[in-house]
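Q: Next up is a structure, given as structure tokens.
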Amino acid sequence: MLKETVGVKVLETISSDSKAEHIPVPVSSMLSASSNDLSVSAAKYVCATQESLPVSTTSADPLSIWVGWGGKIPRWKKGQVVQFAAFSGGYPTPNHAVFAAYKLNEAAIQWNSLNIGVTFKWVSKLEDAAFVLAYGGDGGSVLARAFFPNSNDLNTLFVYQRAFDTGISPYQTNIFLHELGHVLGLRHEFAAQEGGAVPFGPANPLSVMSYTFPPNIRDSDETSTRAFYNLTAGQIGGLQIQDWIPDN
């Protein structure tokens with residue numbers, strides 16, 4: 001149905017390369033260097049992906065660790081693999097799309113290495129994915145936007161124009177570490193001010209879920225997230241835990 005709505009071309013994805021064994025030559029040097037090659041101007045780009053897909057980017061980004069959203073605490077069922085794909089179109093250039101896909105994969109590998117109970121996997125086909133990486137165009141100061149665990153057949157992780165700016169693009173892996181934290185069910189370190197969240201584990205102002213730039217996974221993030229997924233109690237701080245199975 002989605003293909004019939006927006007067209008096959010819009011939904012083309014990048015072939016998965018989870019072990020980074022087939023990085024295109026034009027992108028290889030960009031992944032390890034501070035390069036101006038990805039920098040884009042302040043002008044807005046038309047994003048066919050963003051405009052065509054039936055998703056919203058206007059809702060508030062709700063993104064110790066803190067957990068809880070919508071009156072419950074969403075997380076993936078322990079042991080699940082959350083698969084993702086990456087759109088090849090909609091970006092300023094094809095190189096931007098490939099660069100972002102490999103950066104997201106690098107972040108996925110870092111989270112996977114912690115063995116917290118849920119893993120991420122880059123797949124080639126959109127129909128095999130629980131979420132897709134897409135370009136969101138000019139989001140102002142916003143770098144990226146993610147989502148919390150849910151039953152949707154396809155979620156979207158958006159990366160915005162500013163994430164490709166000179167001085168920021170080399171840290172896209174770090175940006176995606178933060179966003180994948182949201183995908184795991186984690187909220188911002190300052191979620192107490194945002195509301196609807198409860199603390200879990202020791203506070204850490206340098207948490208990957210803080211706005212410290214560049215975000216990095218701290219020991220407290222690893223310990224608390226693993227404990228969060230190992231927790232068998234049905235609630236935390238009066239909020240019910242809701243386990244989801246990704247629609248891969």
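Labels for the structure tokens follow display order: chains A, B, ..., residues from 1 in each chain, ligands from 1.
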Which neighbours of Leu154 (chain A) fall inside 10 Å, counting only C-alpha atoms, when residues of the same chain fewer than 5 positions from it are skipped, and could you give them as an NGL selection string?

A: :A and (55 or 84 or 126-132 or 246-248)

Q: Tell me which protein, DNA and RNA residues are within 12 Å of Val208 (chain A), counting only C-alpha atoms, leaving out same-chain ones fewer than 3 positions away, and put them as a VMD selection string.

A: chain A and resid 63 to 66 107 111 173 to 182 186 to 190 203 to 205 211 to 222 224 to 225

Q: Could you work out how far CA of Phe228 (chain A) lies from CA of Ser151 (chain A), giving the answer in Å with one decimal?

A: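 CA of Ser151 (chain A) sits 19.6 Å away from CA of Phe228 (chain A).
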
Q: Env of region 146-148 of chain A: 7 Å cut, atoms = only C-alpha atoms, seq-sep filter 6 positions within chain, self excluded. Answer as an MDAnalysis selection string.

A: chainID A and resid 74 156:158 179 182:185

Q: Could you state the separation of CA of Pro24 (chain A) and CA of Asn115 (chain A) in Å, given to one decimal place?

A: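 Interatomic distance, CA of Pro24 (chain A) to CA of Asn115 (chain A): 29.5 Å.
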
Q: Could you tell me which of A:Ala134, A:Ile73, A:Met30, A:Leu114 comes closest to Pro170 (chain A) if we count only C-alpha atoms?

A: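 Comparing A:Ala134, A:Ile73, A:Met30, A:Leu114 against Pro170 (chain A), the winner is A:Met30.
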
Q: Give the answer as one residue: which of A:Ser18, A:Asn155, A:Ser88, A:Ser32 has the shortest atom-to-atom distance to Ser169 (chain A), using only C-alpha atoms?

A: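 The answer is A:Ser32, which sits nearest to Ser169 (chain A).
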
Q: Just the residues within 7 Å of Lys77 (chain A), please, counting only C-alpha atoms, with nothing from its chain fewer than 3 positions along; format it as a ChimeraX atom specification.

A: /A:80,243-245

Q: Using DSSP assignments from the backbone, pull out every residue in region 75-215 of chain A that falls under alpha helix (DSSP H) and give it to me as a PyMOL selection string.

A: chain A and resi 94-112+172-183+191-194

Q: Report, in Å to a single decimal, how far apart CA of Val118 (chain A) and CA of Val81 (chain A) are.

A: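 Pair CA of Val81 (chain A) / CA of Val118 (chain A) returns 5.9 Å.
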
Q: From the list A:Gln242, A:Val82, A:Asp138, A:Ala100, which residue is nearest Asp153 (chain A) when using only C-alpha atoms?

A: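 Smallest separation from Asp153 (chain A) among the options: A:Val82.
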
Q: For each of A:Val198, A:Ala85, A:Met209, A:Val123, take the minimum atom-to-atom distance to Gln240 (chain A), counting only C-alpha atoms, then give the residue where this is smallest.

A: A:Val198
